[in-house]
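J.: The structure that follows is given in the form of structure tokens.
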Amino acid sequence: MSDRRVFVTGLGLVSPHGEDPAKVFDQLCRGESAIRTVRSGTPELGADVLLACVDFEPGDRIGKADRHFMARAAQMAVVATRNALADAGLLVDGAGPEQAAVSMGCGLGGAEILQQTYRTYFEQRSRRTRPRTVPLIMANGPASQVCMQLGIRGPAHTYSVACASSSVAIGEAFRSIRDGYCDVVIGGGAEAMLNDATVAAWQAVGVIAHEHADGTAGSCRPFDLERTGLVLGEGAATLILESEERAAARGALPLAEVVGFGASSDAYKLTEPSVEGQERAIRNALQDAGLAADQVGYINAHATGTPAGDPVEIEAVKRAFGTAARDVAISSTKSMHGHLVGASGALECAITALALRERRIPPTANLTVPDPQCDLDCVAGVGRDAPDLEAALSNSFAFGGSNATLALRRA
Amino acid sequence: MSTYAFLAETLSGTYEVDPAAIRPEATLADLGLDSLTVVELLFDVEDEFGITIPEGISFQTLAEGAALMDELVRNKAT
């Protein structure tokens with residue numbers, strides 16, 4: 001093991017708040033929600049649902065013929081990655097570094113294409129599904145298209161770990177550089193599963209938020225007594241990770257340093273979280289990073305806004321942090337950008353990197369009546385300056401009991 | 001619209017093939033189409049003309065392909 005240092009040198013977003021990382025971060029710090037009420041589905045079966053959609057139009061950034069062979073998640077991944085490469089100063093003649101690796105998280109791949117295919121088969125009673133269906137529904141569509149569109153020829157791996165997908169992707173990207181296998185990795189995630197049948201299935205699980213009396217924007221309320229559930233979002237986020245040597249050699253200005261990755265499995269229930277499993281992921285990340293709990297000033301929480309999930313995460317933080325739990329700021333930015341499932345970890349890792357750079361902590365929006373079970377500093381309402389912020393964590397805990405925590409430091 | 005005109009329009013419109021390269025004597029290889037794009041294109045033709053192109057159909061040039069498709073359209077009409 002060479003234990004090389006790993007820096008974030010570029011960010012790219014296609015998020016419910018837009019594509020410009022600085023503007024997205026400002027909106028989040030002001031507590032502005034991107035959650036809207038959307039009429040979804042067919043005239044007979046559709047419903048008004050709360051969603052954090054992306055107003056996404058690739059335009060001439062992806063050719064029409066190429067778009068024909070890309071699901072929405074893959075298109076978003078390509079645009080986010082191009083943005084990230086440009087931000088890192090690594091986009092040359094429309095291509096990224098040929099030797100780069102790709103490490104992407106994605107839950108459902110081309111969910112909308114699968115829905116279309118099933119409609120053809122079951123509704124139109126036809127076996128004539130489009131040939132492109134097969135390569136478009138693959139979970140590794142985003143990673144593959146990033147390679148094809150941007151000329152990337154290193155290993156391209158996809159991690160499909162539900163809500164923890166892209167935290168695992170970034171964690172493994174970090175390890176591959178730290179341990180000397182790669183010098184530059186495109187790490188991120190993409191998800192676009194807001195088609196009606198998928199949303200209906202999520203509603204059936206009983207974890208989706210109802211509209212709050214404060215209005216649509218107030219509907220996702222992590223850590224709040226009046227919380228009713230999560231709001232699904234979509235989008236893509238990409239971080240360019242580089243070894244210290246490579247970044248220094250080209251004079252790149254790092255945004256943040258990735259210093260640790262912790263993962264664990266609950267071995268408990270399919271959808272119920274476990275304090276013990278989450279605590280182990282957090283402890284593993286701290287140990288991997290060589291950080292003491294009292295050095296961590298901020299945690300971007302997984303907290304989705306479900307009554308069952310949020311207190312479990314708070315308890316896991318208390319156990320992993322001990323007395324330092326009282327002093328750490330914790331916020332759930334999902335209150336504003338929704339739950340991007342396979343892209344959540346990457347978006348929240350990007351937000352955590354920006355928090356470190358700006359020394360400013362984004363809030364938990366809509367936190368007006370704190371749940372007594374969530375009695376840590378959950379940064380209610382609007383963001384705050386954090387002039388001493390040096391290190392932060394980003395948590396992602398998945399259905400299936402897979403937990404991932406990333407540890408970052410100010411660069 | 002004739003099958004050839006439809007092929008030409010779809011190739012340039014949907015699949016962004018250079019219109020200058022689309023000629024009756026052009027082969028699929030000349031146009032740089034991969035196998036997935038070719039089967040998608042055949043699906044487009046089937047949907048447009050309501051025909052079923054037999055599996056394993058083989059043709060070299062666009063003109064040959066259009067002739068086979070015209071034949072299928074004529075058989076469908078009778």
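Ordering of the structure tokens sets the chain letters (A, B, ...), residue numbers begin anew at 1 in every chain, and ligands are numbered from 1 in the order given.
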Pull the alpha helix (DSSP H) assignments for region 196-376 of chain A out of DSSP run on the backbone, and list those residues as a count of residues only.
T.: 63
J.: Any idea what's packed within 6 Å of region 173-187 of chain A, counting only C-alpha atoms, ignoring anything in its chain fewer than 4 positions away? Could you give it as JSON, numbers by chain?
T.: {"A": [1, 2, 3, 4, 5, 100, 101, 102, 103, 104, 238, 239, 240, 241, 242, 243]}
J.: Can those selected residues be exported to a file as a PDB file, in the first residue's frame so that it contains C-alpha atoms?
T.:
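again_22.pdb was written with the following content:
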ATOM      1  CA  MET A   1       0.000   0.000   0.000  1.00  0.00           C
ATOM      2  CA  SER A   2       1.294   3.387  -0.912  1.00  0.00           C
ATOM      3  CA  ASP A   3      -1.288   5.420   1.077  1.00  0.00           C
ATOM      4  CA  ARG A   4      -1.291   8.331  -1.327  1.00  0.00           C
ATOM      5  CA  ARG A   5      -3.389  11.395  -0.595  1.00  0.00           C
ATOM      6  CA  ALA A 100      -8.786   7.860 -16.060  1.00  0.00           C
ATOM      7  CA  ALA A 101     -10.978   5.269 -14.355  1.00  0.00           C
ATOM      8  CA  VAL A 102     -14.716   5.615 -13.828  1.00  0.00           C
ATOM      9  CA  SER A 103     -16.495   4.653 -10.622  1.00  0.00           C
ATOM     10  CA  MET A 104     -20.228   5.305 -10.824  1.00  0.00           C
ATOM     11  CA  THR A 238     -19.482  13.727 -10.498  1.00  0.00           C
ATOM     12  CA  LEU A 239     -16.311  14.366  -8.520  1.00  0.00           C
ATOM     13  CA  ILE A 240     -12.878  14.240 -10.109  1.00  0.00           C
ATOM     14  CA  LEU A 241     -10.507  12.510  -7.706  1.00  0.00           C
ATOM     15  CA  GLU A 242      -6.766  12.766  -8.247  1.00  0.00           C
ATOM     16  CA  SER A 243      -3.650  11.662  -6.465  1.00  0.00           C
TER      17      SER A 243
END
J.: Write out as a tab-separated table a residue-level contact list of chain A versus chain B with cut-off 7 Å: for each qualifying residue the closest pair of atoms and the distance in Å to one decimal, counting only C-alpha atoms, rows sorted by chain and residue number upward.
T.:
residue	atom	partner	partner_atom	distance
A:Lys64	CA	B:Thr14	CA	6.7
A:Ala65	CA	B:Tyr15	CA	4.3
A:Arg130	CA	B:Glu40	CA	6.9
A:Pro131	CA	B:Glu40	CA	6.1
A:Arg132	CA	B:Leu36	CA	7.0
J.: From the set A:Gln124, A:Asp93, A:Arg283, A:Cys29, which residue has the shortest atom-to-atom contact distance to Val379 (chain A), counting only C-alpha atoms?
T.: A:Cys29
J.: Please measure the separation of CA of Val92 (chain A) and CA of Ser144 (chain A), giving the value in Å to one decimal.
T.: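 Separation of CA of Val92 (chain A) and CA of Ser144 (chain A): 19.5 Å.
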J.: Fewer than 5 positions away in the same chain doesn't count, so skip those; otherwise give me all residues within 7 Å of Glu25 (chain B), counting only C-alpha atoms, as a list in words.
T.: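 So the residues in contact are Thr61, Leu62 and Ala63 of chain B.
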J.: Go ahead and dump the residues you just picked, N, CA and C atoms, as a compact mmCIF listing (two decimals), in the first residue's frame.
T.:
# COMPACT_ATOMS: atom_id res chain seq x y z
N THR B 61 -26.69 -2.42 -50.09
CA THR B 61 -26.85 -0.98 -50.26
C THR B 61 -28.24 -0.53 -49.80
N LEU B 62 -28.37 0.76 -49.61
CA LEU B 62 -29.66 1.32 -49.22
C LEU B 62 -30.72 1.03 -50.28
N ALA B 63 -30.32 1.11 -51.56
CA ALA B 63 -31.28 0.86 -52.64
C ALA B 63 -31.79 -0.57 -52.58
J.: Find the residue from A:Tyr121, A:Phe397, A:Tyr268, A:Phe25 that sits nearest to Ile361 (chain A); use only C-alpha atoms when measuring.
T.: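 For Ile361 (chain A), the nearest of the candidates is A:Phe25.
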J.: Using only C-alpha atoms, which protein or nucleic acid residues come within 12 Å of Glu48 (chain B)? Drop anything in the same chain fewer than 3 positions from it, and give the result as a VMD selection string.
T.: chain B and resid 1 to 3 5 to 7 10 41 to 45 51 to 53 69 73
